[in-house]
>>> print(open('structure-v9.cif').read())   # mmCIF, C-alpha atoms
data_upload
#
loop_
_atom_site.label_atom_id
_atom_site.label_comp_id
_atom_site.auth_asym_id
_atom_site.auth_seq_id
_atom_site.Cartn_x
_atom_site.Cartn_y
_atom_site.Cartn_z
CA MET D 6 69.03 10.84 111.83
CA LYS D 7 72.29 9.30 110.65
CA GLU D 8 74.04 11.01 107.78
CA ILE D 9 74.93 8.74 104.88
CA PRO D 10 78.44 9.46 103.54
CA LEU D 11 78.57 10.09 99.83
CA PRO D 12 81.67 10.21 97.65
CA ASP D 13 83.26 13.64 97.64
CA LEU D 14 82.51 14.78 94.10
CA LYS D 15 85.17 17.47 94.18
CA GLU D 16 87.85 14.90 94.97
CA ILE D 17 86.51 12.46 92.39
CA HIS D 18 86.48 15.23 89.78
CA SER D 19 90.06 16.09 90.61
CA ALA D 20 91.10 12.41 90.35
CA LEU D 21 89.29 12.02 87.04
CA THR D 22 90.96 15.13 85.63
CA GLU D 23 94.39 13.90 86.71
CA ALA D 24 93.75 10.49 85.14
CA SER D 25 92.45 12.03 81.92
CA VAL D 26 95.63 14.09 81.53
CA ASP D 27 97.66 10.90 82.05
CA LEU D 28 95.63 8.81 79.57
CA PHE D 29 94.81 11.33 76.88
CA GLY D 30 98.15 11.37 75.04
CA PHE D 31 98.22 7.59 74.86
CA SER D 32 94.72 7.49 73.45
CA VAL D 33 95.54 10.11 70.79
CA VAL D 34 98.73 8.33 69.78
CA CYS D 35 96.90 4.99 69.42
CA LEU D 36 94.16 6.60 67.32
CA GLY D 37 96.58 8.14 64.86
CA GLY D 38 96.55 11.68 66.25
CA VAL D 39 92.76 12.17 66.22
CA THR D 40 91.91 14.02 69.42
CA TRP D 41 88.10 13.94 69.16
CA ALA D 42 88.10 10.14 68.98
CA ALA D 43 90.58 9.89 71.82
CA GLU D 44 88.33 11.81 74.22
CA LYS D 45 85.53 9.25 74.00
CA GLU D 46 87.87 6.34 74.72
CA VAL D 47 89.40 8.14 77.70
CA LEU D 48 85.95 8.88 79.14
CA ASP D 49 84.87 5.25 78.72
CA THR D 50 88.04 4.07 80.45
CA LEU D 51 87.50 6.52 83.31
CA TYR D 52 83.96 5.25 83.70
CA VAL D 53 85.24 1.66 83.94
CA GLY D 54 87.75 2.87 86.51
CA LEU D 55 84.96 4.36 88.62
CA GLU D 56 82.84 1.23 88.36
CA LYS D 57 85.74 -1.03 89.32
CA TYR D 58 86.88 1.25 92.17
CA TRP D 59 90.27 1.87 90.58
CA PHE D 60 90.43 5.33 92.13
CA THR D 61 91.90 4.58 95.52
CA THR D 62 93.14 6.63 98.43
CA ILE D 63 96.68 5.85 99.53
CA ASP D 64 97.75 6.95 103.04
CA GLY D 65 94.61 9.01 103.54
CA GLU D 66 95.34 11.24 100.57
CA LYS D 67 92.92 12.23 97.83
CA PRO D 68 91.59 9.49 95.53
CA SER D 69 93.93 8.80 92.64
CA HIS D 70 94.32 6.43 89.70
CA LYS D 71 98.01 5.80 90.53
CA GLU D 72 97.55 2.40 92.20
CA PHE D 73 95.74 0.99 89.15
CA ARG D 74 97.58 3.06 86.54
CA GLU D 75 98.62 -0.01 84.52
CA GLU D 76 95.06 -1.33 84.57
CA PHE D 77 93.81 1.97 83.16
CA PHE D 78 96.32 1.87 80.32
CA LYS D 79 95.58 -1.79 79.63
CA ASN D 80 91.85 -1.14 79.51
CA LEU D 81 92.38 1.80 77.17
CA TRP D 82 94.66 -0.25 74.93
CA LEU D 83 92.07 -3.04 74.67
CA ARG D 84 89.53 -0.41 73.59
CA VAL D 85 91.63 1.27 70.93
CA LYS D 86 93.69 -1.59 69.51
CA GLY D 87 91.00 -2.73 67.10
CA LYS D 88 89.77 0.71 66.10
CA THR D 89 90.68 2.29 62.80
CA ILE D 90 89.83 5.87 61.91
CA ASN D 91 90.02 7.28 58.43
CA VAL D 92 92.15 10.31 59.26
CA GLN D 93 91.51 13.42 57.14
CA LEU D 94 94.37 15.86 56.90
CA GLY D 95 93.49 19.38 57.91
CA ILE D 96 90.24 18.21 59.55
CA ASP D 97 91.03 15.42 62.01
CA VAL D 98 94.73 16.16 62.23
CA PRO D 99 96.73 19.30 61.42
CA LEU D 100 98.51 19.70 58.10
CA GLY D 101 102.02 18.36 58.26
CA HIS D 102 100.89 15.39 60.30
CA GLU D 103 101.70 13.05 57.41
CA ALA D 104 105.35 14.08 57.62
CA MET D 105 105.71 12.82 61.18
CA ARG D 106 107.83 9.71 61.16
CA PHE D 107 106.21 8.55 64.39
CA TYR D 108 102.85 8.05 62.69
CA LYS D 109 104.43 5.85 60.07
CA LEU D 110 104.89 3.22 62.76
CA GLY D 111 102.25 0.61 63.47
CA LYS D 112 99.73 1.12 66.27
CA LEU D 113 101.40 -1.29 68.69
CA GLU D 114 104.86 0.16 68.02
CA ARG D 115 103.58 3.71 68.51
CA ALA D 116 101.83 2.76 71.74
CA LEU D 117 104.90 0.98 73.10
CA LEU D 118 107.28 3.75 72.19
CA TYR D 119 104.98 6.41 73.62
CA LEU D 120 104.60 4.67 76.97
CA ARG D 121 108.30 3.92 77.15
CA THR D 122 109.48 7.41 76.33
CA LYS D 123 106.79 9.75 77.64
CA LYS D 124 105.48 7.73 80.59
CA GLN D 125 108.70 5.89 81.46
CA PHE D 126 106.98 2.54 81.97
CA SER D 127 109.28 -0.39 82.68
CA ILE D 128 109.59 -3.28 80.23
CA LYS D 129 107.68 -5.54 82.65
CA THR D 130 104.80 -3.08 82.91
CA LEU D 131 104.66 -2.76 79.13
CA SER D 132 104.61 -6.53 78.90
CA PHE D 133 101.57 -6.55 81.23
CA ILE D 134 99.72 -3.76 79.42
CA PHE D 135 100.16 -5.21 75.94
CA ASP D 136 100.08 -8.84 77.00
CA LEU D 137 103.41 -9.53 75.31
CA HIS D 138 106.56 -11.33 76.40
CA VAL D 139 109.34 -9.01 77.60
CA ASP D 140 111.54 -10.06 74.68
CA GLU D 141 108.80 -9.12 72.23
CA VAL D 142 108.46 -5.73 73.92
CA ARG D 143 112.20 -5.14 73.60
CA LYS D 144 112.19 -6.29 69.96
CA ASN D 145 109.28 -4.02 69.07
CA LEU D 146 110.89 -1.04 70.77
CA GLU D 147 114.15 -1.65 68.97
CA GLU D 148 112.43 -1.93 65.60
CA SER D 149 110.47 1.27 66.24
CA ARG D 150 113.62 3.15 67.16
CA THR D 151 115.38 1.83 64.08
CA LEU D 152 112.53 3.12 61.90
CA MET D 153 112.54 6.49 63.65
CA LEU D 154 116.28 6.95 63.38
CA GLY D 155 116.70 5.43 59.96
CA ARG D 156 119.44 3.19 61.35
CA LYS D 157 120.00 0.94 64.33
CA VAL D 158 120.39 2.51 67.74
CA ARG D 159 124.03 2.49 68.78
CA GLU D 160 124.94 -0.19 71.26
CA VAL D 161 127.03 -0.33 74.38
CA SER D 162 129.21 -3.41 74.19
CA VAL D 163 130.99 -4.24 77.40
CA ILE D 164 134.00 -6.48 76.88
CA GLU D 165 136.54 -7.43 79.50
CA GLU D 166 139.49 -6.12 77.43
CA ASP D 167 138.23 -2.55 77.97
CA PHE D 168 139.14 -2.68 81.64
CA MET L 3 131.88 -11.20 87.60
CA LYS L 4 129.00 -11.28 85.10
CA LEU L 5 129.15 -8.31 82.76
CA PRO L 6 125.91 -6.43 82.07
CA SER L 7 124.08 -7.49 78.93
CA ARG L 8 123.05 -5.19 76.10
CA GLU L 9 119.49 -5.13 77.50
CA ASP L 10 120.79 -4.17 80.95
CA MET L 11 122.77 -1.27 79.47
CA MET L 12 119.76 -0.14 77.48
CA GLU L 13 117.52 -0.25 80.55
CA PHE L 14 120.12 1.69 82.53
CA VAL L 15 120.34 4.45 79.94
CA GLU L 16 116.55 4.62 79.69
CA GLY L 17 116.28 4.85 83.48
CA ASP L 18 114.15 1.71 83.78
CA ALA L 19 112.87 1.25 87.31
CA GLY L 20 112.88 -2.52 86.81
CA LEU L 21 116.70 -2.72 86.72
CA ASN L 22 117.97 -4.25 89.95
CA ALA L 23 120.14 -2.21 92.31
CA HIS L 24 123.15 -4.53 92.01
CA MET L 25 123.23 -4.26 88.21
CA HIS L 26 122.70 -0.52 88.43
CA ARG L 27 125.71 -0.19 90.71
CA GLN L 28 127.81 -2.45 88.48
CA ILE L 29 127.05 -0.37 85.39
CA LEU L 30 127.92 2.82 87.25
CA ASP L 31 131.26 1.27 88.19
CA LEU L 32 131.88 0.25 84.57
CA ILE L 33 131.12 3.76 83.33
CA ALA L 34 133.44 5.23 85.93
CA SER L 35 136.27 2.90 84.99
CA SER L 36 136.13 2.89 81.18
CA LYS L 37 136.33 5.79 78.73
CA VAL L 38 135.11 3.57 75.88
CA VAL L 39 131.91 2.67 77.77
CA ARG L 40 131.38 6.33 78.69
CA GLU L 41 131.58 7.36 75.04
CA GLN L 42 129.26 4.57 73.94
CA VAL L 43 126.70 5.49 76.63
CA THR L 44 126.80 9.11 75.47
CA GLU L 45 126.18 8.07 71.87
CA LEU L 46 123.33 5.79 72.92
CA LYS L 47 121.79 8.61 74.95
CA GLN L 48 121.97 10.89 71.92
CA ASP L 49 120.16 8.32 69.79
CA LEU L 50 117.46 7.81 72.40
CA TYR L 51 117.04 11.55 72.82
CA TRP L 52 116.66 11.94 69.07
CA VAL L 53 113.90 9.31 69.04
CA ASP L 54 112.20 10.71 72.17
CA SER L 55 112.09 14.20 70.69
CA GLN L 56 110.07 12.88 67.73
CA VAL L 57 107.42 11.23 69.92
CA PRO L 58 104.54 13.68 70.35
CA ASP L 59 102.52 14.21 73.52
CA TYR L 60 99.06 15.69 73.86
CA LEU L 61 97.05 17.44 76.55
CA PRO L 62 93.27 17.26 76.75
CA GLY L 63 91.22 20.28 75.74
CA VAL L 64 88.39 22.12 77.49
CA SER L 65 85.75 19.84 75.95
CA LEU L 66 87.10 16.83 77.83
CA GLY L 67 87.06 18.84 81.04
CA LEU L 68 83.36 19.51 80.55
CA GLU L 69 82.70 15.84 79.85
CA ILE L 70 84.56 14.90 83.02
CA THR L 71 82.38 17.27 85.05
CA ARG L 72 79.33 15.59 83.52
CA LEU L 73 80.73 12.13 84.25
CA THR L 74 81.46 13.07 87.87
CA LYS L 75 77.92 14.30 88.39
CA SER L 76 76.24 11.31 86.75
CA TRP L 77 78.46 8.87 88.63
CA GLY L 78 77.77 10.65 91.94
CA ALA L 79 74.04 10.43 91.25
CA SER L 80 74.22 6.74 90.34
CA GLU L 81 76.27 5.98 93.49
CA TYR L 82 73.64 7.76 95.56
CA LYS L 83 70.87 5.76 93.91
CA ARG L 84 72.74 2.50 94.38
CA SER L 85 73.00 3.07 98.12
CA PHE L 86 69.21 3.02 98.35
CA SER L 87 68.20 0.79 95.46
CA LEU L 88 67.50 -2.85 96.27
CA LYS L 89 67.91 -3.77 92.61
CA ASP L 90 71.45 -2.40 92.40
CA TYR L 91 72.44 -3.05 95.99
CA TYR L 92 74.75 -5.90 95.05
CA ARG L 93 76.97 -3.37 93.26
CA ALA L 94 77.35 -1.09 96.27
CA LYS L 95 80.40 -1.14 98.55
CA GLU L 96 78.16 -1.63 101.57
CA PHE L 97 76.95 -4.93 100.15
CA THR L 98 80.52 -6.22 99.98
CA TYR L 99 81.06 -5.23 103.62
CA LEU L 100 77.82 -6.95 104.61
CA MET L 101 78.85 -10.12 102.81
CA LEU L 102 82.28 -10.06 104.47
CA PHE L 103 80.63 -9.53 107.87
CA LEU L 104 78.27 -12.46 107.34
CA PHE L 105 81.08 -14.67 106.08
CA GLY L 106 83.19 -13.76 109.12
CA GLY L 107 80.26 -14.55 111.41
CA VAL L 108 79.67 -17.96 109.85
CA LEU L 109 83.38 -18.73 110.05
CA MET L 110 83.50 -17.79 113.74
CA LEU L 111 80.43 -19.93 114.43
CA PHE L 112 82.00 -22.85 112.61
CA ILE L 113 85.22 -22.55 114.65
CA LEU L 114 83.28 -22.26 117.93
CA VAL L 115 81.17 -25.33 117.13
CA ASN L 116 84.30 -27.29 116.26
CA LEU L 117 85.99 -26.23 119.49
CA TRP L 118 82.88 -27.13 121.51
CA THR L 119 82.56 -30.68 120.11
#
>>> encode(input="structure-v9.cif", output="structure tokens")
Amino acid sequence: MKEIPLPDLKEIHSALTEASVDLFGFSVVCLGGVTWAAEKEVLDTLYVGLEKYWFTTIDGEKPSHKEFREEFFKNLWLRVKGKTINVQLGIDVPLGHEAMRFYKLGKLERALLYLRTKKQFSIKTLSFIFDLHVDEVRKNLEESRTLMLGRKVREVSVIEEDF
Amino acid sequence: MKLPSREDMMEFVEGDAGLNAHMHRQILDLIASSKVVREQVTELKQDLYWVDSQVPDYLPGVSLGLEITRLTKSWGASEYKRSFSLKDYYRAKEFTYLMLFLFGGVLMLFILVNLWT
């Protein structure tokens, strides 16, 4: 009798865990710091990833979400962008959360800044994830940084006289 | 020689992978040759670091780990069912392979008939 190969659940579990660690922070940031709400969105995204075969094996290694990483983030963004949660201090988020300047930014600005700083996504990738023009991405990032710093980010101006 | 734009300098400081190798090299040369540019890059890095340090990051808790175990099991079970279910067979990987095989066969037949006539 021929044995039917089934997906290795241990490997799939490992890939799902790795992907969840990658996606979780982004989900929390988009949902205003509420971790319980973020978990559900991450799980739904992972499920979509499984259904669409986004966990691939590269060079015979274990299955991973790396090849479709941008797709995962895009899918998660489409899920959370319209959601609003009435955040309760001390219950949904820790006390002191309201003092964080980062959460004073809009959802899109937070999401962009998070992916740019913590995940080191390129401007082009951000443009794909958020379906924005590269100039818009740059503009949003600049505005977010200005709000975070309380002033404009210092510039590097290269002029020929300096050389 | 075209000098790097403000965006190029920003992408360089941020370590953007999208910056092309030629521009990267050119900026490195500029930094090496000008004290003013070096100072400005340092100040820009300080600003970016200050912003980065205020961006929080989160790690999932144990509860998500448990949910992932549950998801793995349920997905494994559904994949197993799909392999044998006629109703869901169109969603299985094997069905895609079968379709590709049939398509290849028809294509070969078409080419052979054309060559024959």
>>> atom_distance(input="structure-v9.cif", atom1="atom CA of D:Thr22", atom2="atom CA of L:Pro62")
9.4 Å
>>> atom_distance(input="structure-v9.cif", atom1="atom CA of L:Ser80", atom2="atom CA of D:Lys67")
20.9 Å
>>> atom_distance(input="structure-v9.cif", atom1="atom CA of L:Arg8", atom2="atom CA of D:Glu160")
7.2 Å
>>> interface_residues(input="structure-v9.cif", of="chain D", to="chain L", cutoff="6 Å", atoms="all atoms listed in the file", output="MDAnalysis selection string")
chainID D and resid 18 30 122 127 159 161
>>> axis_aligned_box(input="structure-v9.cif", around="stretch 69-84 of chain L", padding_each_side="8 Å", output="AutoDock Vina command-line options")
--center_x 77.7 --center_y 9.9 --center_z 87.7 --size_x 29.7 --size_y 30.8 --size_z 31.7
>>> residues_around(input="structure-v9.cif", residues="D:Phe29", least_positions_apart="2", cutoff="12 Å", atoms="all atoms listed in the file", output="MDAnalysis selection string")
(chainID D and resid 21:27 31:36 38:51 77:78 81:82 119:120 124) or (chainID L and resid 58:63 66:67)
>>> write_last_selection(input="structure-v9.cif", atoms="C-alpha atoms", output="PDB file, keeping the file's coordinate frame")
ATOM      1  CA  LEU D  21      89.290  12.020  87.040  1.00  0.00           C
ATOM      2  CA  THR D  22      90.960  15.130  85.630  1.00  0.00           C
ATOM      3  CA  GLU D  23      94.390  13.900  86.710  1.00  0.00           C
ATOM      4  CA  ALA D  24      93.750  10.490  85.140  1.00  0.00           C
ATOM      5  CA  SER D  25      92.450  12.030  81.920  1.00  0.00           C
ATOM      6  CA  VAL D  26      95.630  14.090  81.530  1.00  0.00           C
ATOM      7  CA  ASP D  27      97.660  10.900  82.050  1.00  0.00           C
ATOM      8  CA  PHE D  31      98.220   7.590  74.860  1.00  0.00           C
ATOM      9  CA  SER D  32      94.720   7.490  73.450  1.00  0.00           C
ATOM     10  CA  VAL D  33      95.540  10.110  70.790  1.00  0.00           C
ATOM     11  CA  VAL D  34      98.730   8.330  69.780  1.00  0.00           C
ATOM     12  CA  CYS D  35      96.900   4.990  69.420  1.00  0.00           C
ATOM     13  CA  LEU D  36      94.160   6.600  67.320  1.00  0.00           C
ATOM     14  CA  GLY D  38      96.550  11.680  66.250  1.00  0.00           C
ATOM     15  CA  VAL D  39      92.760  12.170  66.220  1.00  0.00           C
ATOM     16  CA  THR D  40      91.910  14.020  69.420  1.00  0.00           C
ATOM     17  CA  TRP D  41      88.100  13.940  69.160  1.00  0.00           C
ATOM     18  CA  ALA D  42      88.100  10.140  68.980  1.00  0.00           C
ATOM     19  CA  ALA D  43      90.580   9.890  71.820  1.00  0.00           C
ATOM     20  CA  GLU D  44      88.330  11.810  74.220  1.00  0.00           C
ATOM     21  CA  LYS D  45      85.530   9.250  74.000  1.00  0.00           C
ATOM     22  CA  GLU D  46      87.870   6.340  74.720  1.00  0.00           C
ATOM     23  CA  VAL D  47      89.400   8.140  77.700  1.00  0.00           C
ATOM     24  CA  LEU D  48      85.950   8.880  79.140  1.00  0.00           C
ATOM     25  CA  ASP D  49      84.870   5.250  78.720  1.00  0.00           C
ATOM     26  CA  THR D  50      88.040   4.070  80.450  1.00  0.00           C
ATOM     27  CA  LEU D  51      87.500   6.520  83.310  1.00  0.00           C
ATOM     28  CA  PHE D  77      93.810   1.970  83.160  1.00  0.00           C
ATOM     29  CA  PHE D  78      96.320   1.870  80.320  1.00  0.00           C
ATOM     30  CA  LEU D  81      92.380   1.800  77.170  1.00  0.00           C
ATOM     31  CA  TRP D  82      94.660  -0.250  74.930  1.00  0.00           C
ATOM     32  CA  TYR D 119     104.980   6.410  73.620  1.00  0.00           C
ATOM     33  CA  LEU D 120     104.600   4.670  76.970  1.00  0.00           C
ATOM     34  CA  LYS D 124     105.480   7.730  80.590  1.00  0.00           C
TER      35      LYS D 124
ATOM     36  CA  PRO L  58     104.540  13.680  70.350  1.00  0.00           C
ATOM     37  CA  ASP L  59     102.520  14.210  73.520  1.00  0.00           C
ATOM     38  CA  TYR L  60      99.060  15.690  73.860  1.00  0.00           C
ATOM     39  CA  LEU L  61      97.050  17.440  76.550  1.00  0.00           C
ATOM     40  CA  PRO L  62      93.270  17.260  76.750  1.00  0.00           C
ATOM     41  CA  GLY L  63      91.220  20.280  75.740  1.00  0.00           C
ATOM     42  CA  LEU L  66      87.100  16.830  77.830  1.00  0.00           C
ATOM     43  CA  GLY L  67      87.060  18.840  81.040  1.00  0.00           C
TER      44      GLY L  67
END
